[in-house]
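Worksheet for the structure shown next.
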Amino acid sequence: MYHVAKMRMAAPIGLGAVLGWLIAGGAFPLRPTARAAHEAAAPSLDRTTLPIPEPKIPPSTVFDVRNAKAPPRFEVKAPAGAPNVLVVLIDDMGFGQSSAFGGPIHMPTAEGLAKSGLRYNHFHTTALCSPTRAALLSGRNHHMCNMGSITETATAFPGQTGQRPNSVAPLAEMLRLNGFATAAFGKSHETAAWEVSVSGPTNRWPTRSGFDKFYGFIGGEANQWAPTIYDGMNQIEPPKVPQYHFLTDMTDQAINWSKAVKSLTPDKPFFIYYAPGATHAPHHVPKEWIAKYKGKFDQGWDRLREETLARQKQLGVVPQDAKLAPKPAAIKDWDQLTADEHKLFARQMEVFAGYGEFADHEVGRLVQAIGDMGQLDNTLVFYILGDNGASAEGGMNGLFNEGTYFNGVHETVEDILKRYDDLGGPLSYGHYAAGWAVAGDTPFTWTKQVAANYGGTRNGMVVHWPKGVKAQGEVRSQWHHVIDVAPTILEAAGLPEPRSVNGTPQTPIQGVSMVYTFDQAEAKGRHTTQYFEIFCNRAIYHDGWLAGTVHRAPWEPKARATLQEDKWELYDTRTDFSLTNDLASANPAQLKAMQAIFLNEAVKNHVLPLDDRGVERINAALAGRPDLMAGRSSLVLYDGMVGLSENVFINLKNRSHSITAEIEVPASAADGVILCQAGRFGGWSLYLKQGKPTYTYNWLGLRQHTIAATEVVPAGKATIRFDFAYDGGKLGAGGAGTIFVNGKKVAEGRIEETQAMVFSADEGADVGVDLATPVTEQYAKPDGRFSGKIAKVTVELK
């Protein structure tokens with residue numbers, strides 16, 4: 001009931017009087033002292049259920065606000081003193097590549113943070129990008145995130161679906177719901193490939209995965225000179241600035257965002273996930289960074305491995321008695337190579353090293369900006385030098401255009417040498433030879449994808465937090481894994497692990513906090529058991545022992561044996577840092593026990609059934625994952641639909657098909673793209689050139705086949721149709737192309753070869769424009785933007 005006895009009648013007052021009274025200070029919001037009192041009176045928050053439930057406030061019975069006392073304001077803030085967090089994840093960098101861990105790539109930012117922080121020399125990843133990222137950003141094993149491999153090879157089995165379950169809330173969401181500002185910049189390869197379109201679902205996109213801000217690319221890789229960028233969930237075109245490079249762009253974005261957050265809310269901690277595309281292929285870097293390494297790798301990869309091991313011992317990141325593990329048999333000795341091979345391979349490594357140093361420079365700009373804001377002392381930095389081992393996916397010769405690898409086309413040394421000066425620049429899409437990957441994983445044998453060996457899974461990590469870590473310049477050798485980063489951040493921030501997030505009970509975090517190691521160099525390691533599995537390369541670590549089997553090397557077309565007959569190796573890592581002394585034959589009982597532990601962990605973590613299928617996993621129907629185009633023989637497109645990846649576009653490869661466009665030509669004639677797919681390194685485009693219908697098929701950037709009409713399409717509405725009659729008989733065969741205008745044949749010709757498997761890993765299909773890189777240089781405008789109107793375009797499979 002109302003407190004009637006205390007009611008007072010007041011004379012009516014106008015709006016102007018109210019405003020004047022407020023401006024003068026009447027009934028102004030709580031003064032700082034009052035705000036502090038209210039905060040002190042607020043009950044402590046239960047942070048194990050997220051979002052934190054708002055307190056239930058009973059209805060007021062006070063009639064007049066003058067006689068009422070406001071309840072404490074409910075506001076979720078991070079715990080007092082919680083640090084900012086910066087997680088830097090370099091892509092495809094091996095344990096022996098950064099100078100911070102004895103490698104040849106000068107990385108002064110990593111070195112500087114290590115000198116005033118800690119180096120971790122027993123830190124491990126999963127051996128592949130998406131699995132590592134999913135584990136890092138959740139604290140759970142990658143199969144528990146349904147990320148047993150990359151989303152492009154996802155299957156129907158739990159552990160491999162490519163879709164993070166709601167029971168695995170991301171770390172960013174935990175922090176955001178606890179009062180942090182959160183942002184991700186760079187690479188995001190944790191969203192199912194078929195979900196990356198306007199149709200979604202978008203609940204696994206970065207900004208629906210706990211990040212307030214996202215600026216970067218969604219997928220495994222990006223052209224650093226011409227990336228497909230998303231700002232939040234909106235695809236945007238890169239800034240049109242001279243010498244544009246995505247690394248610089250994403251760093252500018254990260255700096256600007258962090259400054260804005262600290263400007264408006266100086267006491268609000270931020271969480272930044274900074275994940276550049278570097279140093280994953282394509283290796284793209286400005287020439288001045290490549291020039292810094294001219295002649296630095298002429299000694300070759302064998303000598304480089306020896307030099308790196310010596311520096312690693314000097315730094316104390318490997319034991320003094322560590323040996324150099326043997327190279328895989330497929331990697332030739334440097335002195336057995338030809339002069340042309342020496343020239344080409346040395347250049348490839350110069351490009352890669354320049355790329356690595358450039359990436360570190362950009363990290364340095366971000367760290368400097370945080371320091372300039374006075375925030376570095378209370379910023380917990382994890383600088384993770386690789387999400388897996390160095391990549392041997394370039395094969396024995398390396399690549400000028402990675403698209404050739406995806407389509408089973410062999411590039412010779414002679415072929416690549418013809419483009420020597422273009423390596424690293426915007427006309428290339430390159431990768432280095434596998435020998436450099438092995439050298440980059442010194443002192444180990446194997447590389448990325450090989451989860452059986454530390455060459456695939458051990459990565460250097462630097463931790464820097466002046467306010468929270470007293471030790472400086474020390475090495476930590478406790479055995480840890482990428483799933484340990486999330487619980488470390490929670491503990492450092494004073495936050496509990498949530499039991500429920502957004503209404504879903506949570507799978508417990510499987511990682512172990514590393515905070516105990518910060519000031520206890522000799523503390524016993526707490527991560528005692530860990531399985532590994534990528535493409536059936538698998539291993540188990542337990543109490544210092546490592547057992548594993550190499551099922552297939554990255555360059556091998558098929559498995560070495562059946563899953564049942566795989567040969568296992570056994571190492572005592574406490575005395576054998578580099579894994580050089582295989583004890584499988586000498587200690588079969590220990591090997592058998594380790595295999596049993598692996599099987600137990602595999603069952604618990606949805607690793608089974610093991611899946612070593614190859615081409616079948618590229619095909620969505622055979623693999624059992626969703627396909628937006630499943631069962632469809634046609635697709636209708638409209639003007640403005642751009643950036644449609646191959647995972648959401650109808651598959652025209654190895655098929656007869658037609659493209660029919662209904663357009664309107666202005667009186668002055670029309671130019672530009674009607675519909676295209678991919679770009680400079682392989683793709684096709686149907687366009688008007690000086691008003692004449694033209695079709696160009698760009699085969700892997702090596703050869704172009706063009707069919708063009710000789711007459712201009714008259715002004716007004718018109719129907720342009722391109723028919724392709726596929727020869728068949730094999731994958732990637734050629735065919736006959738015919739162009740029709742309003743039903744009349746106007747041009748025909750041959751396309752002698754087509755791309756059988758993939759057009760592009762990063763460029764999509766565009767209507768009315770050719771974004772990123774052009775399929776052909778024949779457009780009147782750089783982006784081929786169509787000057788008429790496009791009503792619709794229909795693509796039909798025959």
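Letters A, B, ... mark the chains of the structure tokens in the order given; residue numbers begin at 1 per chain; ligand numbers begin at 1, in order shown.
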Using DSSP on the backbone, list every residue of range 87-249 of chain A that comes out as alpha helix (DSSP H), and give them as a ChimeraX atom specification.
-> /A:108-115,129-136,171-176,246-249
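Note that CA of Ala222 in chain A and CA of Asp762 in chain A are 5.4 Å apart.
Closest approach to Asn698 in chain A among A:Gly403, A:Trp446, A:Ala596, A:Thr528: A:Gly403, based on only C-alpha atoms.
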If we count only C-alpha atoms, what is near range 267-275 of chain A at a cut-off of 9 Å, once residues fewer than 2 positions away on the same chain are taken out, given as a compact mmCIF listing (two decimals) with all heavy atoms, in the first residue's frame?
# COMPACT_ATOMS: atom_id res chain seq x y z
N LYS A 77 30.78 -6.03 -13.29
CA LYS A 77 32.12 -5.54 -13.56
C LYS A 77 33.11 -6.66 -13.33
O LYS A 77 32.87 -7.58 -12.54
CB LYS A 77 32.45 -4.35 -12.64
CG LYS A 77 31.65 -3.09 -12.93
CD LYS A 77 32.14 -1.94 -12.07
CE LYS A 77 31.42 -0.64 -12.42
NZ LYS A 77 31.90 0.50 -11.62
N ALA A 78 34.24 -6.58 -14.00
CA ALA A 78 35.30 -7.55 -13.77
C ALA A 78 35.80 -7.39 -12.34
O ALA A 78 35.69 -6.31 -11.75
CB ALA A 78 36.42 -7.34 -14.77
N ALA A 80 38.02 -6.51 -9.23
CA ALA A 80 38.96 -5.40 -9.07
C ALA A 80 40.38 -5.86 -9.35
O ALA A 80 40.83 -6.89 -8.86
CB ALA A 80 38.85 -4.83 -7.66
N GLY A 81 41.08 -5.09 -10.18
CA GLY A 81 42.47 -5.41 -10.50
C GLY A 81 42.66 -6.45 -11.57
O GLY A 81 43.81 -6.80 -11.89
N ALA A 82 41.56 -6.97 -12.13
CA ALA A 82 41.71 -7.98 -13.19
C ALA A 82 42.53 -7.40 -14.34
O ALA A 82 42.32 -6.26 -14.75
CB ALA A 82 40.34 -8.42 -13.69
N PRO A 83 43.47 -8.18 -14.86
CA PRO A 83 44.33 -7.63 -15.92
C PRO A 83 43.62 -7.58 -17.26
O PRO A 83 42.67 -8.32 -17.52
CB PRO A 83 45.47 -8.64 -15.97
CG PRO A 83 44.83 -9.94 -15.58
CD PRO A 83 43.81 -9.56 -14.52
N ASN A 84 44.10 -6.69 -18.11
CA ASN A 84 43.81 -6.83 -19.53
C ASN A 84 44.48 -8.12 -19.99
O ASN A 84 45.45 -8.58 -19.39
CB ASN A 84 44.40 -5.67 -20.33
CG ASN A 84 43.97 -4.32 -19.83
OD1 ASN A 84 42.78 -4.04 -19.70
ND2 ASN A 84 44.94 -3.46 -19.52
N VAL A 85 43.98 -8.69 -21.08
CA VAL A 85 44.58 -9.91 -21.62
C VAL A 85 44.79 -9.74 -23.12
O VAL A 85 43.89 -9.32 -23.84
CB VAL A 85 43.69 -11.14 -21.36
CG1 VAL A 85 44.33 -12.40 -21.94
CG2 VAL A 85 43.42 -11.32 -19.87
N LEU A 86 46.00 -10.05 -23.55
CA LEU A 86 46.33 -10.06 -24.98
C LEU A 86 46.87 -11.43 -25.33
O LEU A 86 47.89 -11.86 -24.79
CB LEU A 86 47.38 -8.98 -25.29
CG LEU A 86 48.01 -9.03 -26.69
CD1 LEU A 86 46.98 -8.81 -27.78
CD2 LEU A 86 49.14 -8.00 -26.81
N VAL A 87 46.15 -12.13 -26.20
CA VAL A 87 46.62 -13.42 -26.71
C VAL A 87 47.02 -13.22 -28.17
O VAL A 87 46.19 -12.87 -29.01
CB VAL A 87 45.54 -14.50 -26.61
CG1 VAL A 87 46.01 -15.80 -27.27
CG2 VAL A 87 45.18 -14.77 -25.15
N VAL A 88 48.29 -13.43 -28.45
CA VAL A 88 48.81 -13.35 -29.82
C VAL A 88 49.08 -14.77 -30.30
O VAL A 88 49.78 -15.54 -29.63
CB VAL A 88 50.12 -12.52 -29.87
CG1 VAL A 88 50.69 -12.52 -31.29
CG2 VAL A 88 49.88 -11.10 -29.38
N LEU A 89 48.52 -15.12 -31.43
CA LEU A 89 48.72 -16.47 -31.99
C LEU A 89 49.25 -16.35 -33.41
O LEU A 89 48.53 -15.98 -34.33
CB LEU A 89 47.41 -17.26 -31.98
CG LEU A 89 47.50 -18.70 -32.49
CD1 LEU A 89 48.40 -19.54 -31.59
CD2 LEU A 89 46.11 -19.33 -32.60
N ILE A 90 50.52 -16.66 -33.58
CA ILE A 90 51.13 -16.67 -34.91
C ILE A 90 50.74 -17.97 -35.60
O ILE A 90 50.60 -19.02 -34.97
CB ILE A 90 52.66 -16.53 -34.82
CG1 ILE A 90 53.04 -15.23 -34.09
CG2 ILE A 90 53.30 -16.56 -36.21
CD1 ILE A 90 52.60 -13.97 -34.78
N ASP A 91 50.58 -17.92 -36.90
CA ASP A 91 50.09 -19.06 -37.67
C ASP A 91 51.24 -19.80 -38.34
O ASP A 91 52.13 -19.18 -38.94
CB ASP A 91 49.13 -18.52 -38.75
CG ASP A 91 48.12 -19.55 -39.23
OD1 ASP A 91 48.32 -20.75 -38.96
OD2 ASP A 91 47.14 -19.15 -39.86
N ALA A 172 36.01 -16.09 -24.55
CA ALA A 172 35.62 -14.70 -24.77
C ALA A 172 34.22 -14.42 -24.21
O ALA A 172 33.96 -13.33 -23.67
CB ALA A 172 35.66 -14.37 -26.26
N LEU A 175 34.45 -14.11 -20.42
CA LEU A 175 35.01 -12.82 -20.02
C LEU A 175 34.04 -11.69 -20.28
O LEU A 175 33.88 -10.78 -19.45
CB LEU A 175 36.33 -12.59 -20.76
CG LEU A 175 37.47 -13.57 -20.42
CD1 LEU A 175 38.69 -13.28 -21.27
CD2 LEU A 175 37.83 -13.53 -18.95
N ARG A 176 33.38 -11.70 -21.43
CA ARG A 176 32.42 -10.65 -21.75
C ARG A 176 31.30 -10.59 -20.72
O ARG A 176 30.91 -9.50 -20.26
CB ARG A 176 31.83 -10.89 -23.14
CG ARG A 176 30.92 -9.78 -23.64
CD ARG A 176 30.32 -10.13 -25.00
NE ARG A 176 29.34 -11.20 -24.91
CZ ARG A 176 28.05 -11.00 -24.60
NH1 ARG A 176 27.61 -9.79 -24.33
NH2 ARG A 176 27.22 -12.02 -24.54
N GLY A 179 32.27 -8.76 -17.49
CA GLY A 179 32.62 -7.35 -17.48
C GLY A 179 33.82 -6.95 -18.29
O GLY A 179 34.29 -5.81 -18.18
N PHE A 180 34.36 -7.83 -19.12
CA PHE A 180 35.47 -7.48 -20.00
C PHE A 180 34.95 -6.94 -21.32
O PHE A 180 33.88 -7.35 -21.80
CB PHE A 180 36.33 -8.71 -20.31
CG PHE A 180 37.34 -9.07 -19.26
CD1 PHE A 180 36.95 -9.54 -18.01
CD2 PHE A 180 38.69 -8.95 -19.52
CE1 PHE A 180 37.88 -9.89 -17.05
CE2 PHE A 180 39.64 -9.30 -18.56
CZ PHE A 180 39.23 -9.77 -17.32
N ALA A 181 35.71 -6.05 -21.95
CA ALA A 181 35.51 -5.70 -23.35
C ALA A 181 36.32 -6.70 -24.16
O ALA A 181 37.46 -7.00 -23.81
CB ALA A 181 35.98 -4.28 -23.64
N THR A 182 35.74 -7.25 -25.22
CA THR A 182 36.39 -8.35 -25.94
C THR A 182 36.47 -8.06 -27.43
O THR A 182 35.54 -7.54 -28.02
CB THR A 182 35.63 -9.67 -25.71
OG1 THR A 182 34.28 -9.50 -26.16
CG2 THR A 182 35.61 -10.06 -24.25
N ALA A 183 37.58 -8.44 -28.03
CA ALA A 183 37.75 -8.21 -29.47
C ALA A 183 38.70 -9.23 -30.07
O ALA A 183 39.63 -9.70 -29.41
CB ALA A 183 38.28 -6.80 -29.73
N ALA A 184 38.44 -9.57 -31.32
CA ALA A 184 39.30 -10.49 -32.08
C ALA A 184 39.69 -9.81 -33.38
O ALA A 184 38.86 -9.20 -34.05
CB ALA A 184 38.58 -11.80 -32.36
N PHE A 185 40.96 -9.95 -33.73
CA PHE A 185 41.47 -9.34 -34.96
C PHE A 185 42.28 -10.39 -35.72
O PHE A 185 43.11 -11.09 -35.14
CB PHE A 185 42.35 -8.13 -34.64
CG PHE A 185 41.62 -7.06 -33.87
CD1 PHE A 185 41.66 -7.04 -32.48
CD2 PHE A 185 40.88 -6.09 -34.53
CE1 PHE A 185 40.98 -6.08 -31.77
CE2 PHE A 185 40.19 -5.12 -33.83
CZ PHE A 185 40.24 -5.11 -32.44
N GLY A 186 42.03 -10.49 -37.02
CA GLY A 186 42.81 -11.39 -37.86
C GLY A 186 42.05 -12.60 -38.31
O GLY A 186 40.93 -12.51 -38.82
N LYS A 187 42.63 -13.77 -38.10
CA LYS A 187 42.09 -15.02 -38.64
C LYS A 187 41.08 -15.64 -37.68
O LYS A 187 41.33 -15.77 -36.49
CB LYS A 187 43.23 -16.00 -38.89
CG LYS A 187 42.80 -17.42 -39.27
CD LYS A 187 44.02 -18.27 -39.59
CE LYS A 187 43.66 -19.73 -39.80
NZ LYS A 187 44.82 -20.55 -40.23
N SER A 188 39.95 -16.06 -38.24
CA SER A 188 38.98 -16.85 -37.49
C SER A 188 38.65 -18.08 -38.32
O SER A 188 38.02 -17.97 -39.36
CB SER A 188 37.70 -16.05 -37.22
OG SER A 188 36.74 -16.85 -36.56
N PHE A 211 32.90 -12.22 -28.72
CA PHE A 211 33.66 -11.03 -29.07
C PHE A 211 32.74 -9.86 -29.40
O PHE A 211 31.88 -9.96 -30.28
CB PHE A 211 34.59 -11.32 -30.25
CG PHE A 211 35.71 -12.26 -29.91
CD1 PHE A 211 35.75 -13.55 -30.41
CD2 PHE A 211 36.72 -11.85 -29.07
CE1 PHE A 211 36.77 -14.43 -30.08
CE2 PHE A 211 37.76 -12.72 -28.72
CZ PHE A 211 37.78 -14.00 -29.23
N GLY A 216 38.46 -9.11 -39.38
CA GLY A 216 39.38 -10.07 -39.94
C GLY A 216 38.76 -10.91 -41.02
O GLY A 216 37.77 -10.52 -41.65
N MET A 250 44.90 -4.78 -39.73
CA MET A 250 44.31 -5.39 -38.54
C MET A 250 44.94 -4.82 -37.27
O MET A 250 44.28 -4.68 -36.23
CB MET A 250 44.43 -6.91 -38.57
CG MET A 250 45.82 -7.47 -38.51
SD MET A 250 45.88 -9.29 -38.32
CE MET A 250 45.70 -9.47 -36.54
N THR A 251 46.22 -4.48 -37.34
CA THR A 251 46.88 -3.90 -36.18
C THR A 251 46.33 -2.50 -35.90
O THR A 251 46.09 -2.14 -34.73
CB THR A 251 48.40 -3.85 -36.39
OG1 THR A 251 48.88 -5.16 -36.73
CG2 THR A 251 49.11 -3.38 -35.13
N ALA A 254 43.12 -2.96 -34.14
CA ALA A 254 43.28 -3.39 -32.75
C ALA A 254 43.71 -2.22 -31.87
O ALA A 254 43.21 -2.06 -30.74
CB ALA A 254 44.29 -4.52 -32.67
N SER A 258 41.36 -0.66 -28.82
CA SER A 258 41.81 -0.67 -27.43
C SER A 258 41.91 0.74 -26.87
O SER A 258 41.57 0.98 -25.70
CB SER A 258 43.16 -1.39 -27.30
OG SER A 258 44.15 -0.78 -28.11
N VAL A 261 38.34 1.87 -26.01
CA VAL A 261 37.83 1.22 -24.80
C VAL A 261 38.40 1.90 -23.56
O VAL A 261 37.68 2.24 -22.61
CB VAL A 261 38.17 -0.28 -24.80
CG1 VAL A 261 37.94 -0.89 -23.42
CG2 VAL A 261 37.33 -1.02 -25.84
N LYS A 262 39.71 2.14 -23.57
CA LYS A 262 40.33 2.74 -22.38
C LYS A 262 40.00 4.22 -22.25
O LYS A 262 40.04 4.77 -21.15
CB LYS A 262 41.84 2.51 -22.43
CG LYS A 262 42.23 1.07 -22.18
CD LYS A 262 41.75 0.59 -20.81
CE LYS A 262 42.09 -0.86 -20.54
NZ LYS A 262 41.59 -1.33 -19.23
N THR A 265 36.13 3.81 -20.93
CA THR A 265 35.98 3.01 -19.70
C THR A 265 37.37 2.58 -19.22
O THR A 265 37.74 1.41 -19.37
CB THR A 265 35.10 1.78 -19.95
OG1 THR A 265 35.58 1.08 -21.12
CG2 THR A 265 33.65 2.18 -20.18
N GLY A 277 47.12 -13.73 -40.07
CA GLY A 277 47.25 -14.81 -41.05
C GLY A 277 48.70 -15.24 -41.19
O GLY A 277 48.97 -16.36 -41.63
N ALA A 278 49.62 -14.39 -40.83
CA ALA A 278 51.04 -14.73 -40.84
C ALA A 278 51.33 -15.77 -39.77
O ALA A 278 50.80 -15.69 -38.67
CB ALA A 278 51.87 -13.47 -40.58
N VAL A 363 52.93 -6.90 -34.16
CA VAL A 363 52.63 -7.19 -32.76
C VAL A 363 53.26 -6.14 -31.87
O VAL A 363 52.65 -5.65 -30.91
CB VAL A 363 53.14 -8.60 -32.37
CG1 VAL A 363 52.93 -8.85 -30.88
CG2 VAL A 363 52.44 -9.68 -33.18
N THR A 379 48.73 -5.95 -18.12
CA THR A 379 48.22 -6.71 -19.27
C THR A 379 48.93 -8.05 -19.32
O THR A 379 50.16 -8.11 -19.40
CB THR A 379 48.45 -5.95 -20.59
OG1 THR A 379 47.70 -4.72 -20.57
CG2 THR A 379 47.99 -6.78 -21.78
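Here the question is which of A:Gln163, A:Thr575, A:Thr517, A:Ser685 gets nearest to Val475 in chain A using only C-alpha atoms, and that residue is A:Thr517.
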